[in-house]
>>> print(open('run-v6.txt').read())   # compact mmCIF, C-alpha atoms
# COMPACT_ATOMS: atom_id res chain seq x y z
CA MET A 1 92.57 103.66 92.33
CA ILE A 2 93.52 103.68 96.02
CA GLY A 3 89.82 103.45 96.96
CA LYS A 4 89.40 100.40 94.72
CA ILE A 5 92.45 98.71 96.26
CA MET A 6 91.16 99.44 99.77
CA ALA A 7 87.74 98.00 98.85
CA GLN A 8 89.42 94.84 97.52
CA ILE A 9 91.40 94.45 100.73
CA ALA A 10 88.25 94.94 102.83
CA VAL A 11 86.28 92.40 100.78
CA SER A 12 89.10 89.85 100.89
CA ALA A 13 89.26 90.17 104.67
CA LEU A 14 85.48 89.89 104.92
CA LEU A 15 85.28 86.73 102.86
CA ALA A 16 88.23 85.17 104.63
CA GLN A 17 86.64 85.62 108.05
CA GLY A 18 83.02 85.44 107.07
CA CYS A 19 82.57 82.19 105.16
CA GLY A 20 83.61 78.68 105.80
CA THR A 21 84.82 78.99 109.35
CA SER A 22 84.08 75.54 110.70
CA ALA A 23 85.44 74.03 113.86
CA PHE A 24 85.82 70.73 111.98
CA ALA A 25 89.13 71.10 110.20
CA ALA A 26 90.38 68.18 108.15
CA GLU A 27 93.78 68.04 106.54
CA ARG A 28 92.46 66.21 103.52
CA PRO A 29 89.17 64.57 102.58
CA PRO A 30 89.34 60.79 102.12
CA ALA A 31 90.64 59.51 98.78
CA THR A 32 87.14 58.19 98.07
CA ALA A 33 85.59 61.71 98.16
CA THR A 34 84.16 62.97 94.87
CA ALA A 35 83.30 66.43 93.57
CA MET A 36 79.70 67.50 94.02
CA THR A 37 77.79 68.21 90.83
CA ALA A 38 76.29 71.57 89.91
CA TYR A 39 72.84 70.09 90.53
CA GLU A 40 73.80 68.89 94.03
CA LEU A 41 75.21 72.34 94.82
CA LEU A 42 72.03 73.95 93.44
CA LEU A 43 69.96 71.90 95.88
CA LEU A 44 72.33 72.84 98.71
CA TYR A 45 72.41 76.63 98.14
CA SER A 46 69.55 77.87 95.91
CA GLY A 47 67.07 80.13 97.67
CA LYS A 48 69.15 80.15 100.83
CA THR A 49 71.18 82.62 102.86
CA TRP A 50 74.65 81.80 104.15
CA LEU A 51 74.93 83.49 107.54
CA TRP A 52 78.38 84.86 108.38
CA ARG A 53 79.85 86.17 111.61
CA SER A 54 79.13 89.78 110.62
CA GLY A 55 76.81 89.53 107.64
CA ALA A 56 75.04 87.27 105.18
CA GLY A 57 74.91 86.28 101.51
CA TYR A 58 71.74 85.26 99.66
CA MET A 59 71.71 83.00 96.59
CA GLU A 60 68.54 83.93 94.72
CA PRO A 61 67.26 81.17 92.42
CA GLU A 62 65.84 83.57 89.80
CA GLY A 63 68.72 84.67 87.57
CA ARG A 64 71.24 83.33 90.10
CA VAL A 65 71.52 86.78 91.68
CA PHE A 66 73.86 87.03 94.68
CA ARG A 67 73.46 89.74 97.34
CA ALA A 68 75.54 90.04 100.48
CA TRP A 69 76.52 92.46 103.22
CA SER A 70 78.99 92.70 106.06
CA SER A 71 79.68 95.06 108.92
CA ALA A 72 82.94 93.41 110.03
CA ASP A 73 85.37 95.58 111.99
CA ASP A 74 83.02 98.60 111.67
CA LYS A 75 83.51 98.54 107.89
CA ASP A 76 80.19 98.36 106.11
CA THR A 77 80.25 96.73 102.69
CA PHE A 78 77.77 95.10 100.36
CA GLY A 79 78.07 93.05 97.22
CA GLU A 80 75.78 92.30 94.32
CA GLY A 81 76.37 89.98 91.41
CA LYS A 82 75.89 86.36 90.39
CA TRP A 83 76.47 82.96 91.92
CA GLU A 84 77.73 80.16 89.71
CA LEU A 85 78.18 76.40 89.98
CA THR A 86 80.38 73.83 88.29
CA ASP A 87 80.22 70.06 87.90
CA THR A 88 83.64 69.98 89.54
CA GLY A 89 82.17 71.02 92.90
CA LYS A 90 82.65 74.80 92.84
CA LEU A 91 80.32 77.50 94.13
CA CYS A 92 81.52 80.94 93.03
CA PHE A 93 80.35 84.46 93.79
CA ARG A 94 81.09 87.14 91.15
CA ALA A 95 80.12 90.46 92.62
CA LYS A 96 80.77 94.16 92.77
CA TRP A 97 81.55 95.01 96.37
CA TYR A 98 80.85 98.53 97.60
CA ALA A 99 82.46 100.19 100.59
CA ALA A 100 82.82 103.77 101.78
CA ASN A 101 86.21 103.98 100.05
CA GLY A 102 85.30 102.50 96.65
CA VAL A 103 84.04 99.57 94.66
CA ALA A 104 85.77 96.36 93.57
CA ASP A 105 84.94 93.40 91.36
CA LYS A 106 85.59 90.17 93.25
CA LEU A 107 85.42 86.46 92.43
CA THR A 108 85.30 84.12 95.43
CA CYS A 109 84.95 80.34 95.06
CA PHE A 110 84.47 77.38 97.37
CA SER A 111 85.20 73.76 96.41
CA HIS A 112 83.03 70.89 97.64
CA LEU A 113 83.74 67.16 97.89
CA GLN A 114 81.49 64.48 99.36
CA ASP A 115 82.01 61.04 100.80
CA ASN A 116 79.37 58.82 102.43
CA GLY A 117 77.07 61.77 103.19
CA THR A 118 79.81 64.03 104.56
CA ILE A 119 80.51 67.24 102.62
CA TYR A 120 83.97 68.79 102.70
CA GLN A 121 84.55 72.41 101.71
CA ARG A 122 87.47 74.77 101.22
CA ARG A 123 87.98 78.26 99.89
CA SER A 124 89.45 77.85 96.40
CA PRO A 125 92.09 77.57 95.32
CA ARG A 126 94.24 77.18 98.44
CA GLY A 127 92.02 77.13 101.50
CA LYS A 128 92.15 74.32 104.04
CA TRP A 129 89.60 71.55 103.74
CA TYR A 130 87.12 71.17 106.58
CA VAL A 131 83.91 69.25 107.22
CA PHE A 132 81.09 71.50 106.01
CA LYS A 133 78.37 68.96 106.80
CA HIS A 134 78.73 65.68 108.65
CA ALA A 135 76.65 62.73 107.42
CA ASP A 136 74.77 63.05 110.71
CA VAL A 137 74.68 66.85 110.98
CA LEU A 138 76.38 68.25 114.09
CA ALA A 139 75.50 71.52 115.82
CA GLY A 140 78.82 73.15 114.81
CA ASP A 141 78.58 72.32 111.09
CA GLU A 142 78.90 75.33 108.78
CA PHE A 143 76.00 73.76 106.85
CA ASN A 144 73.69 74.93 109.66
CA LYS A 145 74.44 78.53 108.68
CA VAL A 146 72.94 78.00 105.21
CA VAL A 147 69.26 78.66 105.88
CA PRO A 148 66.16 78.89 103.67
CA GLY A 149 64.98 82.34 102.59
CA ASP A 150 66.44 85.77 101.98
CA LEU A 151 68.05 87.15 105.12
CA ALA A 152 70.53 89.38 103.27
CA THR A 153 68.68 91.82 100.99
CA ASP A 154 67.46 94.04 103.85
CA GLY A 155 71.05 94.34 105.13
CA VAL A 156 72.23 95.21 101.61
CA ALA A 157 69.58 97.94 101.37
CA ARG A 158 70.50 99.31 104.82
CA ILE A 159 74.20 99.55 103.98
CA ARG A 160 73.53 100.88 100.47
CA GLU A 161 71.52 103.73 101.99
CA LYS A 162 74.12 104.36 104.70
CA LEU A 163 76.88 104.56 102.06
CA GLY A 164 74.73 106.67 99.72
CA LYS A 165 75.03 104.20 96.83
CA PRO A 166 72.32 104.06 94.14
CA ALA A 167 70.02 101.08 93.76
CA ILE A 168 71.14 98.43 91.30
CA SER A 169 68.82 96.77 88.80
CA ALA A 170 67.23 93.38 89.49
CA ASN A 171 69.93 91.79 87.29
CA PRO A 172 72.88 93.67 88.80
CA VAL A 173 76.03 92.42 87.12
CA THR A 174 76.74 90.73 83.84
CA TYR A 175 80.05 88.93 83.64
CA PRO A 176 81.33 86.57 80.99
CA SER A 177 80.82 83.02 82.17
CA SER A 178 83.77 81.09 83.57
CA GLU A 179 84.64 77.91 81.71
CA GLY A 180 82.53 75.06 83.06
CA VAL A 181 80.31 77.31 85.18
CA THR A 182 76.59 76.83 84.75
CA GLN A 183 74.39 79.87 84.34
>>> encode(input="run-v6.txt", output="structure tokens")
Amino acid sequence: MIGKIMAQIAVSALLAQGCGTSAFAAERPPATATAMTAYELLLLYSGKTWLWRSGAGYMEPEGRVFRAWSSADDKDTFGEGKWELTDTGKLCFRAKWYAANGVADKLTCFSHLQDNGTIYQRRSPRGKWYVFKHADVLAGDEFNKVVPGDLATDGVARIREKLGKPAISANPVTYPSSEGVTQ
């Protein structure tokens, strides 16, 4: 039990520092901003890797498999599961996260709004909104860290081996679907 709690704490810290750390903070998107659709989010993320400060997460199109790793603060961890989308602008990762001290199930979501070509993002449910992608993309946009291809699976394999964890099947985790989440 203590190992599971420690793994949850490590994963929470990883996701808090690893994703969505843009220099373009905004208190609130404009009132005219609307939620992105699941299809728009699919085009934005499918088949791409989100590069983090100390790791990466890949959103595989086939089966919506999600694989990620981190080596933040000398704590190696990897996660495998599913990525899900909603028509209310949410991208969610449901994954089992493995660390030296245990394993934890974790759901992490990001909300997306758009207005005139600018995409706003926040960690759901209470993160601060920031500009994820300017209409005319700027060098510091978090959007630039979402790149085509799989740049995470090799890191997952490296950490899995280092931690002595067994390989997981091609369809790693089956969770009941969240209401409104597309599969």
>>> closest_atom_pairs(input="run-v6.txt", of="range 32-65 of chain A", to="range 76-95 of chain A", cutoff="9 Å", atoms="all atoms listed in the file", output="tab-separated table")
residue	atom	partner	partner_atom	distance
A:Thr34	CA	A:Gly89	CA	8.5
A:Ala35	CA	A:Gly89	CA	4.8
A:Met36	CA	A:Gly89	CA	4.4
A:Thr37	CA	A:Asp87	CA	4.2
A:Ala38	CA	A:Asp87	CA	4.7
A:Tyr39	CA	A:Asp87	CA	7.8
A:Glu40	CA	A:Gly89	CA	8.7
A:Leu41	CA	A:Leu85	CA	7.0
A:Leu42	CA	A:Leu85	CA	7.5
A:Tyr45	CA	A:Leu91	CA	8.9
A:Gly57	CA	A:Gly79	CA	8.6
A:Met59	CA	A:Trp83	CA	6.7
A:Glu60	CA	A:Trp83	CA	8.5
A:Gly63	CA	A:Lys82	CA	7.9
A:Arg64	CA	A:Trp83	CA	5.5
A:Val65	CA	A:Lys82	CA	4.6
>>> atom_distance(input="run-v6.txt", atom1="CA of Ile159 in chain A", atom2="CA of Ala56 in chain A")
12.4 Å
>>> closest_residue(input="run-v6.txt", among="A:Ala33, A:Leu44, A:Ala99, A:Ala135", to="Val147 in chain A", atoms="only C-alpha atoms")
A:Leu44
>>> atom_distance(input="run-v6.txt", atom1="CA of Ser70 in chain A", atom2="CA of Asn144 in chain A")
18.9 Å
>>> residues_around(input="run-v6.txt", residues="His134 in chain A", least_positions_apart="2", cutoff="8 Å", atoms="all atoms listed in the file", output="short mmCIF file (atom, residue, chain, number, x, y, z; two decimals) with C-alpha atoms, keeping the file's coordinate frame")
data_model
loop_
_atom_site.label_atom_id
_atom_site.label_comp_id
_atom_site.auth_asym_id
_atom_site.auth_seq_id
_atom_site.Cartn_x
_atom_site.Cartn_y
_atom_site.Cartn_z
CA GLY A 117 77.07 61.77 103.19
CA THR A 118 79.81 64.03 104.56
CA ILE A 119 80.51 67.24 102.62
CA VAL A 131 83.91 69.25 107.22
CA PHE A 132 81.09 71.50 106.01
CA ASP A 136 74.77 63.05 110.71
CA VAL A 137 74.68 66.85 110.98
CA LEU A 138 76.38 68.25 114.09
CA ASP A 141 78.58 72.32 111.09
#
>>> atom_distance(input="run-v6.txt", atom1="CA of Thr49 in chain A", atom2="CA of Pro61 in chain A")
11.2 Å
>>> closest_residue(input="run-v6.txt", among="A:Leu43, A:Trp50, A:Asp105, A:Pro29", to="Lys145 in chain A", atoms="all atoms listed in the file")
A:Trp50
>>> closest_residue(input="run-v6.txt", among="A:Glu142, A:Glu161, A:Asp115, A:Asp73", to="Gly55 in chain A", atoms="all atoms listed in the file")
A:Asp73
>>> closest_residue(input="run-v6.txt", among="A:Tyr120, A:Val103, A:Cys109, A:Leu151", to="Trp52 in chain A", atoms="all atoms listed in the file")
A:Leu151
>>> closest_residue(input="run-v6.txt", among="A:Lys133, A:Thr108, A:Phe143, A:Gln114", to="Leu51 in chain A", atoms="all atoms listed in the file")
A:Phe143
>>> closest_residue(input="run-v6.txt", among="A:Lys128, A:Gly102, A:Gly149, A:Phe110", to="Gly164 in chain A", atoms="all atoms listed in the file")
A:Gly102
>>> residues_near_point(input="run-v6.txt", point="(91.7, 64.8, 103.5)", cutoff="9 Å", atoms="only C-alpha atoms", output="PDB file with C-alpha atoms, in the frame of the given file")
ATOM      1  CA  ALA A  26      90.380  68.180 108.150  1.00  0.00           C
ATOM      2  CA  GLU A  27      93.780  68.040 106.540  1.00  0.00           C
ATOM      3  CA  ARG A  28      92.460  66.210 103.520  1.00  0.00           C
ATOM      4  CA  PRO A  29      89.170  64.570 102.580  1.00  0.00           C
ATOM      5  CA  PRO A  30      89.340  60.790 102.120  1.00  0.00           C
ATOM      6  CA  ALA A  31      90.640  59.510  98.780  1.00  0.00           C
ATOM      7  CA  ALA A  33      85.590  61.710  98.160  1.00  0.00           C
ATOM      8  CA  TYR A 120      83.970  68.790 102.700  1.00  0.00           C
ATOM      9  CA  TRP A 129      89.600  71.550 103.740  1.00  0.00           C
ATOM     10  CA  TYR A 130      87.120  71.170 106.580  1.00  0.00           C
TER      11      TYR A 130
END
>>> decode(input="run-v6.txt", residues="range 148-159 of chain A", atoms="all heavy atoms", output="short mmCIF file (atom, residue, chain, number, x, y, z; two decimals), in the first residue's frame")
data_model
loop_
_atom_site.label_atom_id
_atom_site.label_comp_id
_atom_site.auth_asym_id
_atom_site.auth_seq_id
_atom_site.Cartn_x
_atom_site.Cartn_y
_atom_site.Cartn_z
N PRO A 148 5.57 14.75 -34.42
CA PRO A 148 5.17 13.50 -35.08
C PRO A 148 6.10 12.35 -34.71
O PRO A 148 7.30 12.53 -34.51
CB PRO A 148 5.30 13.82 -36.58
CG PRO A 148 5.28 15.31 -36.67
CD PRO A 148 5.88 15.81 -35.38
N GLY A 149 5.52 11.15 -34.62
CA GLY A 149 6.29 9.94 -34.39
C GLY A 149 6.34 9.52 -32.94
O GLY A 149 5.88 10.22 -32.04
N ASP A 150 6.91 8.33 -32.75
CA ASP A 150 7.01 7.72 -31.42
C ASP A 150 8.41 7.94 -30.86
O ASP A 150 9.35 7.25 -31.23
CB ASP A 150 6.70 6.23 -31.53
CG ASP A 150 6.77 5.51 -30.20
OD1 ASP A 150 7.11 6.14 -29.17
OD2 ASP A 150 6.50 4.29 -30.18
N LEU A 151 8.53 8.88 -29.95
CA LEU A 151 9.80 9.15 -29.29
C LEU A 151 9.76 8.75 -27.82
O LEU A 151 10.58 9.20 -27.02
CB LEU A 151 10.15 10.64 -29.41
CG LEU A 151 10.26 11.18 -30.84
CD1 LEU A 151 10.51 12.67 -30.84
CD2 LEU A 151 11.33 10.44 -31.62
N ALA A 152 8.78 7.89 -27.46
CA ALA A 152 8.62 7.51 -26.05
C ALA A 152 8.82 6.03 -25.79
O ALA A 152 9.30 5.65 -24.72
CB ALA A 152 7.24 7.93 -25.55
N THR A 153 8.47 5.17 -26.73
CA THR A 153 8.46 3.73 -26.47
C THR A 153 9.85 3.19 -26.10
O THR A 153 9.96 2.34 -25.23
CB THR A 153 7.85 2.96 -27.66
OG1 THR A 153 6.49 3.41 -27.81
CG2 THR A 153 7.87 1.47 -27.44
N ASP A 154 10.89 3.70 -26.72
CA ASP A 154 12.24 3.24 -26.36
C ASP A 154 12.58 3.61 -24.92
O ASP A 154 13.19 2.82 -24.19
CB ASP A 154 13.30 3.83 -27.31
CG ASP A 154 13.28 3.20 -28.69
OD1 ASP A 154 12.63 2.14 -28.86
OD2 ASP A 154 13.91 3.78 -29.60
N GLY A 155 12.17 4.80 -24.48
CA GLY A 155 12.39 5.21 -23.09
C GLY A 155 11.61 4.34 -22.12
O GLY A 155 12.09 3.99 -21.05
N VAL A 156 10.37 3.97 -22.52
CA VAL A 156 9.56 3.07 -21.69
C VAL A 156 10.28 1.73 -21.54
O VAL A 156 10.40 1.20 -20.44
CB VAL A 156 8.15 2.88 -22.29
CG1 VAL A 156 7.41 1.74 -21.61
CG2 VAL A 156 7.35 4.17 -22.19
N ALA A 157 10.77 1.19 -22.65
CA ALA A 157 11.46 -0.10 -22.62
C ALA A 157 12.73 -0.03 -21.75
O ALA A 157 13.01 -0.95 -20.98
CB ALA A 157 11.81 -0.54 -24.03
N ARG A 158 13.46 1.07 -21.86
CA ARG A 158 14.70 1.24 -21.08
C ARG A 158 14.38 1.25 -19.59
O ARG A 158 15.04 0.56 -18.80
CB ARG A 158 15.40 2.53 -21.50
CG ARG A 158 16.63 2.86 -20.70
CD ARG A 158 17.27 4.18 -21.15
NE ARG A 158 16.37 5.30 -21.22
CZ ARG A 158 15.94 6.02 -20.17
NH1 ARG A 158 16.34 5.70 -18.96
NH2 ARG A 158 15.13 7.04 -20.33
N ILE A 159 13.37 2.00 -19.20
CA ILE A 159 13.04 2.09 -17.77
C ILE A 159 12.40 0.80 -17.29
O ILE A 159 12.67 0.35 -16.17
CB ILE A 159 12.14 3.33 -17.50
CG1 ILE A 159 12.97 4.59 -17.74
CG2 ILE A 159 11.58 3.30 -16.08
CD1 ILE A 159 12.19 5.88 -17.65
#
